[in-house]
Structure formats: C-alpha cells, structure tokens
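Asks: This is the structure I have questions about; it appears just below.
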Protein chains: 2
Amino acid sequence: VSLPAWLAIDAGGTSTRSIVIRADGTCIGYGRAGGGNPISRGLPVAMSALVDSSTAALADAALSGASICGILVAMAGGDANLQDRSIAEALEVLGVDAPVRVESDALAAFESGASARSGYVLICGTGAAALRVDGGTVTATADGLGWLLGDAGSAFWIGRRVARAAVEELDHRGTSTALTRLVIQSLGIDQHPTDRSTDGQRPTSVSDMLVAVYTAPPVNLAGLAALAFEVPGDSVADEIIAEAAEALATTLNAVMAPHATGRVIATGGVLTGQVRLRDGVVQGMARRGLAIDLHAVPDGLAGSAMLALQAGGIVVDGAVRKRVRETLEAIRERTPYPTGSHK
Amino acid sequence: VSLPAWLAIDAGGTSTRSIVIRADGTCIGYGRAGGGNPISRGLPVAMSALVDSSTAALADAALSGASICGILVAMAGGDANLQDRSIAEALEVLGVDAPVRVESDALAAFESGASARSGYVLICGTGAAALRVDGGTVTATADGLGWLLGDAGSAFWIGRRVARAAVEELDHRGTSTALTRLVIQSLGIDQHPTDRSTDGQRPTSVSDMLVAVYTAPPVNLAGLAALAFEVPGDSVADEIIAEAAEALATTLNAVMAPHATGRVIATGGVLTGQVRLRDGVVQGMARRGLAIDLHAVPDGLAGSAMLALQAGGIVVDGAVRKRVRETLEAIRERTPYPTGSHK
C-alpha cells in the first residue's frame, strides 16, 4: 500500500510546473512543460502542458496516477472557474481517480511567499493582476482580464509597446530608440540599407516585422518585454517601464484595504526578474501614500502544493510549509532547468 | 470569341467584393463574401473569401476564369506585397491564366472617390491608415500596422475600448457607462442579479464576458465599434470617439505635404458610416491649421476596377471612370446585399 500523495500544478503563461507531495509536505516528484494558460495559449496547447508536466512529475516520483488523492491546478483566472470541467477532462489521461480543484495562480503565489494568512499579491508575468487575501481567502481582485482587455503593465503589455516603438521608428513616425535594433535581432529580421527610400512604399524592415509579428501567436509579444530592461537610459524604454510600473501600482491600489497592512507578494516572471519594475511599483504606491513591503517569489508552485494539501483536509502548519519550500528547492536544484524563473 | 474582361477584388476586413469589368468600364458581374484580410482573418479564411466572391462575380457575368485578362486585388498592406505569391496561388482555382496584381486598398479607395490624380486617403474600417497619392502613385503611408501594433482609431481599436469600458464597469473599476448594457447584449451574455456580491470572486458577468471575448477571434472586437456611436452624451463613449478621431487626425497629418492640397477620400466602414467620427477628424485637422475636404466613399471597389484596367494597359479616362461608377451602382442595386456598407 503506497502512502497518500497529491499533485499540484502551477500553470503559467510561459511554463507549467507540476509537483507530487506527501501529506507532511515532502516534495517527491517534479516536472515541467510549456505555457499552460488557456487564454493566451489556447485550451488544447495549455492542457497538453498540464498533462506533460504532471506525467513527468509522476514519473519522477515513481508513482502512477492511481496513487494520487487530489489535484490542485493554480492558473490565471482560476478563481473564476472558467474552465474547470475542461481541465478535469483533460487531466483524465493521468489516471487519477480523485477531485480536481482549480485555484487562482495569484493565491498560490501568495501561499508560496506569505508569512501571514492575510496580505496582497501582485502578479506580473505574461498577464497582470492584484489580489487581496484575508485569512487565506481571496476577498478582492483587480485586472487579470487577459491581453485583449486588460493585463496592464504585464509582459504582453510591455512587449507590445516595445514592438510598437520599433515599428514606429522604422516607419519614420516614432522617436529613435535602442529598442529597434534589439527587436529586429530578437525577431530575426534583416535591416535593409535602402530603408530610407522615400518612394512612399513601406520600408522592407517594416513589412518583415509585420510578417514576423502577425504570423506568430499574439502572446509571443510578451517575449519582447525583457528588451525594455536591456537599455537603461533609453528614453523610450524608460517611459515604457515607468508606465508599466504605474499601471501595476494602479491595479494593486484597487485591492488595498483602508489602513492596509500585510506583505505584498510579487510574482510572475517580469516582476520577479526586474528589480527596476518592482522599485517603480513601490515608488508608485509611495506616491499614493502607501509604504509597501514587496516580497518577490518566483512562482506559485510551493503555494499550490500547500493549497492541494489543504483541499485534501491536511492541516498545513508552519512545519509543513517549511518542508514544502525546502524539499521543493532541493528537487528543483537537481533538475536541468533554471530555477526561480518563468522562462 | 468573348470580349476581354478583368476581375477586380476589394478585400476588406469585414467583407470581400469582386467585380468583372469590360475594357470600357462596364461592370458585368458582382460577387460578395466574408472578410478577406489575411492579417485579421488568417490567410486560409481570407483566401477563401477572395475565391468565393470572385466565383460569384464570374458566375454573375456568365464567364469562365479563362476569359479574364488580369486580376487586381485591393487589400490592406497590398502596397507592401506581403502575400502576393500566396494570393496568386490561392486564386489559381478560378482558372484564370493572367497576371495577378496586388494593390493597397487605400489606393483603390482613392481611385473610387478622387476627381484628381493627387490627394489623400484616410481609411478607417477594421484597420486604419492614411496615404498621400501624387499622380496616381502612393508617395507616403502612415499606420496600417495591424491590430497588434497600430491601426489607431480603427473599428478594432474602438471596439476593444468599448469592451474594456464594459468589463471595467462590471469589475467595479470603471466609470458607469451605457456601453456596458449594449456590450452584454451584443455578446449574448446574461446579466446576473448577484453581480454586486463582495466575496472577492469575479462577478459572473465578467467571467462570461472573458469567455465570450477570448473564445472568439480578436478581430471580432471590431464588431463592437458601432456601439460607441449608439449612446451620444455618454461620457465614456464620447471620449472613445474623440480619441479615435484624434488618432486618425494624427495619422492623416503624418502624410500631409507642406501646403497640402487635394481632396481627402474617407473610406472604411466606420468612417463612411459615422458622420461624428468624420466631423471629429475634420476638427482635429482644423486644430492643426489644416482645412480639409473629407469625401466619403463606401469602399475601393470602383477604384480597384480602374486599377485593374490600368494594369491591363487600358487608358482610364473620365468616361471610363463614370461608366465604372454608374454600372457598378446599378449592379449592386439589384443584389440582395445592402450597398454602400462594409457590414
């Protein structure tokens, strides 16, 4: 008879991570796959990522799906129960005969980093959102409306501005910026010496860029966000970063309670990776008269494990939390993947 | 032996129209299909629309493809020759053994409405762009960079703002606006009486709206643009329209020559359908010290016929232009479709 184990999945825009944990919080298997967000990737691609990372984690733990007592999926929009049934159906191939619960990726990130049961989460990866958590329950949410309707300040939002700055300079309508060369390199297009011709036709590099952007999934623009941080002092890039930080501060401010207390957990690839963006958010909140303690956590994987155990009726105390964090760190360190990153 | 005939296709974001014309400008066949813009629809869907509308036009003219001396396709981005080879290949099923030429849809619109060989075109349909035409040749282009990177003030741009205004009000973060009810109706989602619950979960109507928006092609947001014009006096809607007009004026201003002369041809479904938007553009140009004569034409179909004949070596004089316009109007009037509209 095998000991009970749970499966926790943290499905992000860029990568999906799965772990298998014991009731005492020991992490015994880890797996990883591509982006698992149904909104940005499309449902079939996202569900394949969930299945692939979980299959790898089960294999790593040398367990079959039949040994799993419950699955918890942490996912952007997970609090809205948008796709619960589709997710449960997609995970049937794992052979798990146990309940599937879907939670907000931001709540999982909060659990990953929080030392108290109340506080705030600011998430800025491919998407962007802020949440207030009171006693382990989400009591307010702002943004997280996806790349078409919201996600202000997110990697997609920044990446789209970066691409626009480049195409506008190439189209002779924008300010000169070091971003242009970086975007051209990043998209793998050629710069043409004849681009300054004035025959009324589009410069070839503009056409090439339109083809590169429009033949790829829109979410790929999020991959250009990092370029904004590579050219400090460039006025166009600096303005994009400042506006992103201000947008994130506005989103965070929308969920702050009067006389707000509690740590703000910062998560998502851009916010954890870019100290300038975190500093900008802290400054934006200071301008609003709020001094915040912004604490970066790489992702919600540890928290999703804690939520999985809680959903299974396990009391997740300080000792369990500590064991989840430590054994997860150990199991990640022996993997060939970079740790602490959404890339 | 049949008389020579040409095929002209005007491929727009919302619909594609094809006509068959004789050398003297007489329009002898007309056909219509769905959106034919490869960027917004994807290449396969767009090419099907070109083939379907052309098949209908050839059938209407009782001609086979073998009788056609040349094909001209007017399309957004057509001046950049983005997809020429793909278009020629897709049209092979028509059985036409003659050259295929791709031109800017804005140049076709200019030819549809211009009385001189020089002037300007401002296009605002699903996309948005401005062009300067000198002696029948495009000498400057602004915007037209597609929905992800540009098209400021376009139907997509307006529709996305309309959707955002609605979701932000439903998410308790935006200004109250009459647009919200219209968007809910338009997307076919229910309003829920419990939406004002404060348990921290998303209101159900927000989740429903995210599902409706993200399970449809992004370009469908352009269909919400008309709602902005249905609630005059609504401050949120009025601001969206004012910002769209200002964005279009900026785009038009970018192609204006010093001491600009010549008529500005306004085309595209939103600009031809909404006098308030046209007035806003005229006012925006007046603020820049430029008095413009904005002349609306429903589409570039007449102009694409003129370009098709020109490409075939026919001298397109005033008599030919007049015959194209008159016979096209007659053939459209006998069709079951609404005329003079991109819908």
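Residue numbers start at 1 in each chain; chains themselves are named A, B, ... in the order of the structure tokens; ligands are numbered from 1 in the order shown.
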Looking only at the backbone, which of the residues in stretch 69-151 of chain A does DSSP tag as alpha helix (DSSP H), as a PyMOL selection string?

Replies: chain A and resi 84-90+105-113+146-149

Asks: I'm after chain B in the frame of chain A: fit it by least squares over all Cα atoms matched in order, and give me the output as a compact mmCIF listing (two decimals) with C-alpha atoms, in the first residue's frame.

Replies:
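Listing of part21.txt after writing:
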# COMPACT_ATOMS: atom_id res chain seq x y z
CA VAL B 1 0.16 0.02 -0.09
CA SER B 2 1.61 3.36 -1.13
CA LEU B 3 1.44 6.48 1.06
CA PRO B 4 -1.04 9.16 0.04
CA ALA B 5 0.28 11.81 -2.37
CA TRP B 6 -1.13 14.90 -4.03
CA LEU B 7 -0.45 16.53 -7.40
CA ALA B 8 -0.06 20.31 -7.61
CA ILE B 9 0.17 22.12 -10.95
CA ASP B 10 1.19 25.77 -11.38
CA ALA B 11 0.14 26.71 -14.92
CA GLY B 12 1.76 29.97 -16.07
CA GLY B 13 1.73 31.82 -19.36
CA THR B 14 5.29 30.78 -20.24
CA SER B 15 5.76 27.48 -18.39
CA THR B 16 3.82 24.93 -16.39
CA ARG B 17 5.31 23.17 -13.34
CA SER B 18 3.92 20.12 -11.55
CA ILE B 19 4.94 18.54 -8.26
CA VAL B 20 3.95 15.45 -6.34
CA ILE B 21 3.87 15.93 -2.53
CA ARG B 22 3.32 13.78 0.54
CA ALA B 23 0.95 14.72 3.38
CA ASP B 24 3.88 16.03 5.45
CA GLY B 25 4.85 18.46 2.66
CA THR B 26 7.75 16.48 1.22
CA CYS B 27 8.09 17.06 -2.51
CA ILE B 28 8.86 13.73 -4.22
CA GLY B 29 8.52 14.52 -7.94
CA TYR B 30 8.89 17.51 -10.26
CA GLY B 31 8.01 18.11 -13.91
CA ARG B 32 7.92 21.03 -16.28
CA ALA B 33 6.38 21.88 -19.66
CA GLY B 34 5.38 24.88 -21.82
CA GLY B 35 2.82 27.61 -21.17
CA GLY B 36 -0.41 26.34 -19.60
CA ASN B 37 -2.69 29.37 -19.72
CA PRO B 38 -5.84 28.55 -21.75
CA ILE B 39 -6.51 32.22 -22.56
CA SER B 40 -3.12 33.02 -24.04
CA ARG B 41 -2.20 29.57 -25.42
CA GLY B 42 -5.58 28.18 -26.36
CA LEU B 43 -7.18 25.32 -24.47
CA PRO B 44 -5.62 22.32 -26.31
CA VAL B 45 -2.03 23.59 -26.04
CA ALA B 46 -2.52 24.62 -22.41
CA MET B 47 -4.03 21.26 -21.45
CA SER B 48 -1.17 19.39 -23.14
CA ALA B 49 1.27 21.37 -21.01
CA LEU B 50 -0.61 20.43 -17.81
CA VAL B 51 -0.61 16.77 -18.80
CA ASP B 52 3.05 16.75 -19.89
CA SER B 53 4.41 18.43 -16.76
CA SER B 54 2.26 16.19 -14.54
CA THR B 55 3.30 13.02 -16.37
CA ALA B 56 6.92 14.03 -15.82
CA ALA B 57 6.33 14.74 -12.13
CA LEU B 58 4.59 11.39 -11.59
CA ALA B 59 7.43 9.59 -13.40
CA ASP B 60 9.95 11.51 -11.29
CA ALA B 61 8.10 10.34 -8.14
CA ALA B 62 7.84 6.78 -9.58
CA LEU B 63 4.08 6.86 -8.92
CA SER B 64 1.09 6.11 -11.12
CA GLY B 65 -1.87 8.47 -11.28
CA ALA B 66 -3.87 5.94 -9.24
CA SER B 67 -1.82 6.84 -6.11
CA ILE B 68 -2.89 10.50 -6.21
CA CYS B 69 -5.50 11.66 -3.64
CA GLY B 70 -6.23 15.01 -5.27
CA ILE B 71 -5.11 17.50 -7.92
CA LEU B 72 -4.85 21.24 -7.48
CA VAL B 73 -4.33 23.46 -10.53
CA ALA B 74 -3.20 27.05 -9.95
CA MET B 75 -3.98 29.17 -13.01
CA ALA B 76 -4.69 32.76 -14.00
CA GLY B 77 -8.45 33.22 -13.83
CA GLY B 78 -8.71 30.03 -11.77
CA ASP B 79 -10.83 31.82 -9.20
CA ALA B 80 -13.45 32.45 -11.88
CA ASN B 81 -13.80 28.71 -12.56
CA LEU B 82 -13.71 29.52 -16.27
CA GLN B 83 -12.57 26.14 -17.47
CA ASP B 84 -12.88 23.74 -14.53
CA ARG B 85 -14.69 21.00 -16.41
CA SER B 86 -12.37 21.19 -19.43
CA ILE B 87 -9.35 20.95 -17.12
CA ALA B 88 -10.71 17.93 -15.23
CA GLU B 89 -11.50 16.20 -18.53
CA ALA B 90 -8.05 16.93 -19.96
CA LEU B 91 -6.35 15.51 -16.86
CA GLU B 92 -8.27 12.21 -17.07
CA VAL B 93 -5.42 10.69 -19.12
CA LEU B 94 -3.24 10.84 -15.98
CA GLY B 95 -5.39 8.04 -14.53
CA VAL B 96 -6.08 9.93 -11.31
CA ASP B 97 -9.35 8.97 -9.62
CA ALA B 98 -9.59 11.98 -7.28
CA PRO B 99 -11.03 15.50 -7.24
CA VAL B 100 -9.51 18.27 -9.39
CA ARG B 101 -9.63 21.75 -7.88
CA VAL B 102 -8.73 24.94 -9.77
CA GLU B 103 -7.46 27.98 -7.87
CA SER B 104 -6.12 31.39 -8.75
CA ASP B 105 -2.40 31.35 -9.57
CA ALA B 106 -2.13 34.55 -7.56
CA LEU B 107 -3.51 32.85 -4.44
CA ALA B 108 -0.94 30.09 -4.96
CA ALA B 109 1.80 32.72 -5.25
CA PHE B 110 0.53 34.32 -2.04
CA GLU B 111 0.76 30.97 -0.25
CA SER B 112 4.27 30.51 -1.66
CA GLY B 113 5.58 33.70 -0.12
CA ALA B 114 3.33 34.81 2.69
CA SER B 115 4.23 34.51 6.35
CA ALA B 116 0.71 35.52 7.44
CA ARG B 117 -2.75 34.45 6.24
CA SER B 118 -3.66 37.97 5.08
CA GLY B 119 -1.99 40.34 2.67
CA TYR B 120 -1.73 41.11 -1.03
CA VAL B 121 -0.44 39.60 -4.24
CA LEU B 122 0.73 41.51 -7.29
CA ILE B 123 1.29 39.24 -10.29
CA CYS B 124 3.08 40.39 -13.43
CA GLY B 125 4.08 37.65 -15.82
CA THR B 126 2.51 37.21 -19.23
CA GLY B 127 -0.59 38.68 -17.55
CA ALA B 128 -1.08 41.05 -14.62
CA ALA B 129 -3.45 41.17 -11.64
CA ALA B 130 -3.65 42.10 -7.95
CA LEU B 131 -5.50 40.30 -5.15
CA ARG B 132 -6.30 40.90 -1.52
CA VAL B 133 -6.20 37.82 0.71
CA ASP B 134 -7.93 37.76 4.10
CA GLY B 135 -7.49 34.65 6.26
CA GLY B 136 -6.44 32.53 3.29
CA THR B 137 -9.39 33.63 1.11
CA VAL B 138 -9.31 36.02 -1.84
CA THR B 139 -11.52 39.01 -0.97
CA ALA B 140 -10.71 41.38 -3.83
CA THR B 141 -9.30 41.07 -7.37
CA ALA B 142 -8.25 43.73 -9.86
CA ASP B 143 -7.36 43.33 -13.54
CA GLY B 144 -6.32 39.86 -14.71
CA LEU B 145 -8.67 40.53 -17.63
CA GLY B 146 -6.35 39.02 -20.26
CA TRP B 147 -4.24 40.52 -23.03
CA LEU B 148 -7.12 41.93 -25.09
CA LEU B 149 -9.03 43.66 -22.31
CA GLY B 150 -6.55 44.30 -19.52
CA ASP B 151 -3.32 42.91 -18.02
CA ALA B 152 -1.99 46.48 -17.84
CA GLY B 153 1.76 46.50 -17.17
CA SER B 154 2.18 42.79 -17.98
CA ALA B 155 4.88 41.21 -20.15
CA PHE B 156 2.45 41.20 -23.07
CA TRP B 157 1.63 44.87 -22.44
CA ILE B 158 5.32 45.81 -22.23
CA GLY B 159 6.30 43.60 -25.17
CA ARG B 160 3.59 45.08 -27.39
CA ARG B 161 4.83 48.59 -26.56
CA VAL B 162 8.41 47.55 -27.31
CA ALA B 163 7.35 46.15 -30.70
CA ARG B 164 5.32 49.29 -31.44
CA ALA B 165 8.23 51.56 -30.56
CA ALA B 166 10.43 49.63 -33.00
CA VAL B 167 7.94 49.55 -35.87
CA GLU B 168 7.13 53.23 -35.42
CA GLU B 169 10.80 54.17 -35.64
CA LEU B 170 11.26 51.97 -38.73
CA ASP B 171 8.12 53.56 -40.22
CA HIS B 172 9.70 57.01 -39.64
CA ARG B 173 6.95 58.05 -37.23
CA GLY B 174 8.51 57.32 -33.83
CA THR B 175 11.33 58.45 -31.62
CA SER B 176 14.75 56.90 -32.18
CA THR B 177 15.32 54.13 -29.64
CA ALA B 178 17.87 51.42 -28.95
CA LEU B 179 14.90 49.03 -28.71
CA THR B 180 14.57 48.92 -32.51
CA ARG B 181 17.84 47.08 -33.06
CA LEU B 182 17.04 44.66 -30.21
CA VAL B 183 13.57 43.90 -31.58
CA ILE B 184 14.98 43.32 -35.08
CA GLN B 185 17.55 40.90 -33.64
CA SER B 186 14.99 39.19 -31.43
CA LEU B 187 12.53 38.62 -34.31
CA GLY B 188 15.36 37.44 -36.57
CA ILE B 189 14.69 39.92 -39.36
CA ASP B 190 17.26 41.72 -41.52
CA GLN B 191 17.96 45.40 -41.49
CA HIS B 192 17.95 46.76 -45.02
CA PRO B 193 20.35 49.50 -46.12
CA THR B 194 17.72 50.94 -48.48
CA ASP B 195 15.23 51.49 -45.68
CA ARG B 196 15.49 55.26 -45.93
CA SER B 197 14.11 55.31 -49.49
CA THR B 198 11.29 57.81 -49.87
CA ASP B 199 9.24 56.23 -52.66
CA GLY B 200 6.19 55.99 -50.42
CA GLN B 201 6.49 52.24 -50.04
CA ARG B 202 6.88 50.71 -46.60
CA PRO B 203 10.48 50.10 -45.57
CA THR B 204 11.23 46.39 -46.06
CA SER B 205 12.09 45.98 -42.38
CA VAL B 206 8.57 47.18 -41.47
CA SER B 207 6.99 44.60 -43.79
CA ASP B 208 9.32 41.91 -42.40
CA MET B 209 8.37 42.88 -38.88
CA LEU B 210 4.62 42.80 -39.63
CA VAL B 211 5.03 39.31 -41.07
CA ALA B 212 7.07 38.16 -38.04
CA VAL B 213 4.54 39.56 -35.54
CA TYR B 214 1.30 38.57 -37.29
CA THR B 215 2.31 35.04 -38.24
CA ALA B 216 3.09 34.25 -34.57
CA PRO B 217 0.58 33.89 -31.71
CA PRO B 218 -0.09 37.36 -30.21
CA VAL B 219 1.12 36.20 -26.78
CA ASN B 220 4.63 35.83 -28.23
CA LEU B 221 4.95 39.61 -27.95
CA ALA B 222 5.39 39.00 -24.19
CA GLY B 223 8.82 37.60 -25.10
CA LEU B 224 9.95 41.09 -26.12
CA ALA B 225 9.25 42.57 -22.67
CA ALA B 226 12.74 41.80 -21.35
CA LEU B 227 14.26 44.06 -24.05
CA ALA B 228 12.81 47.14 -22.32
CA PHE B 229 15.13 46.45 -19.38
CA GLU B 230 18.27 45.96 -21.49
CA VAL B 231 18.80 49.61 -22.44
CA PRO B 232 18.70 51.71 -19.26
CA GLY B 233 18.83 55.41 -20.11
CA ASP B 234 16.93 54.93 -23.39
CA SER B 235 14.06 57.39 -23.00
CA VAL B 236 11.54 55.30 -24.94
CA ALA B 237 12.32 52.13 -22.97
CA ASP B 238 12.40 53.99 -19.66
CA GLU B 239 8.98 55.49 -20.35
CA ILE B 240 7.52 52.05 -21.15
CA ILE B 241 8.87 50.70 -17.84
CA ALA B 242 7.62 53.73 -15.89
CA GLU B 243 4.14 53.41 -17.41
CA ALA B 244 4.08 49.66 -16.70
CA ALA B 245 5.04 50.29 -13.05
CA GLU B 246 2.37 52.97 -12.76
CA ALA B 247 -0.26 50.65 -14.28
CA LEU B 248 0.70 47.90 -11.80
CA ALA B 249 0.53 50.36 -8.89
CA THR B 250 -2.98 51.38 -10.02
CA THR B 251 -4.03 47.72 -10.12
CA LEU B 252 -2.52 47.01 -6.69
CA ASN B 253 -4.07 50.15 -5.22
CA ALA B 254 -7.51 48.98 -6.37
CA VAL B 255 -7.41 46.02 -3.94
CA MET B 256 -5.77 47.75 -0.96
CA ALA B 257 -8.00 47.90 2.11
CA PRO B 258 -8.21 51.15 4.11
CA HIS B 259 -5.32 51.18 6.60
CA ALA B 260 -3.76 48.35 4.58
CA THR B 261 -1.40 46.01 6.36
CA GLY B 262 0.38 42.84 5.31
CA ARG B 263 3.13 41.96 2.95
CA VAL B 264 2.68 42.29 -0.83
CA ILE B 265 3.83 39.13 -2.58
CA ALA B 266 5.25 39.99 -6.02
CA THR B 267 5.22 37.18 -8.55
CA GLY B 268 5.36 36.48 -12.27
CA GLY B 269 8.44 36.42 -14.49
CA VAL B 270 8.72 40.14 -15.17
CA LEU B 271 8.13 41.34 -11.64
CA THR B 272 10.45 38.77 -10.01
CA GLY B 273 13.10 39.21 -12.69
CA GLN B 274 13.19 43.01 -12.95
CA VAL B 275 14.10 44.94 -9.82
CA ARG B 276 13.53 48.23 -11.70
CA LEU B 277 9.88 47.32 -12.23
CA ARG B 278 9.46 46.36 -8.55
CA ASP B 279 11.11 49.63 -7.47
CA GLY B 280 8.77 51.52 -9.79
CA VAL B 281 5.73 49.87 -8.20
CA VAL B 282 6.99 50.67 -4.68
CA GLN B 283 7.52 54.31 -5.72
CA GLY B 284 4.08 54.44 -7.34
CA MET B 285 2.48 53.21 -4.11
CA ALA B 286 4.56 55.71 -2.09
CA ARG B 287 3.13 58.50 -4.28
CA ARG B 288 -0.29 57.21 -3.16
CA GLY B 289 0.83 57.49 0.49
CA LEU B 290 1.28 53.72 0.98
CA ALA B 291 4.58 52.20 2.09
CA ILE B 292 4.55 48.57 0.93
CA ASP B 293 6.84 45.64 1.66
CA LEU B 294 7.18 43.96 -1.76
CA HIS B 295 8.47 40.39 -1.45
CA ALA B 296 9.27 38.54 -4.69
CA VAL B 297 8.53 34.83 -5.13
CA PRO B 298 9.40 33.12 -8.42
CA ASP B 299 6.08 31.31 -8.85
CA GLY B 300 3.15 29.74 -7.10
CA LEU B 301 4.42 26.17 -7.11
CA ALA B 302 5.11 25.88 -3.36
CA GLY B 303 1.79 27.58 -2.66
CA SER B 304 -0.12 25.29 -5.01
CA ALA B 305 1.30 22.33 -3.04
CA MET B 306 0.03 23.91 0.19
CA LEU B 307 -3.40 24.52 -1.36
CA ALA B 308 -3.47 20.93 -2.64
CA LEU B 309 -2.84 19.58 0.86
CA GLN B 310 -5.41 21.97 2.40
CA ALA B 311 -8.00 20.84 -0.15
CA GLY B 312 -7.21 17.26 0.91
CA GLY B 313 -8.02 18.06 4.54
CA ILE B 314 -4.38 18.24 5.70
CA VAL B 315 -3.55 20.91 8.28
CA VAL B 316 -0.82 22.97 6.66
CA ASP B 317 1.15 24.37 9.58
CA GLY B 318 4.50 26.13 9.71
CA ALA B 319 6.42 22.83 9.68
CA VAL B 320 4.60 21.61 6.57
CA ARG B 321 5.14 24.96 4.80
CA LYS B 322 8.84 24.86 5.62
CA ARG B 323 9.14 21.27 4.35
CA VAL B 324 7.36 22.13 1.08
CA ARG B 325 9.69 25.08 0.43
CA GLU B 326 12.89 23.22 1.33
CA THR B 327 12.18 19.93 -0.46
CA LEU B 328 10.89 21.79 -3.52
CA GLU B 329 14.07 23.84 -3.67
CA ALA B 330 16.16 20.66 -3.41
CA ILE B 331 14.24 18.84 -6.14
CA ARG B 332 14.43 21.86 -8.46
CA GLU B 333 18.17 22.19 -7.94
CA ARG B 334 18.80 18.72 -9.30
CA THR B 335 16.81 19.43 -12.49
CA PRO B 336 18.47 20.70 -15.67
CA TYR B 337 16.10 23.70 -15.77
CA PRO B 338 16.91 27.16 -14.47
CA THR B 339 15.20 27.64 -11.11
CA GLY B 340 13.35 30.67 -9.90
CA SER B 341 12.42 31.78 -13.39
CA HIS B 342 9.33 31.68 -15.58
CA LYS B 343 11.46 31.40 -18.71

Asks: If you run DSSP on the backbone here, which positions in stretch 81-214 of chain A get strand (DSSP E)? Please write them as a PyMOL selection string.

Replies: chain A and resi 100-104+119-124+128-134+137-143
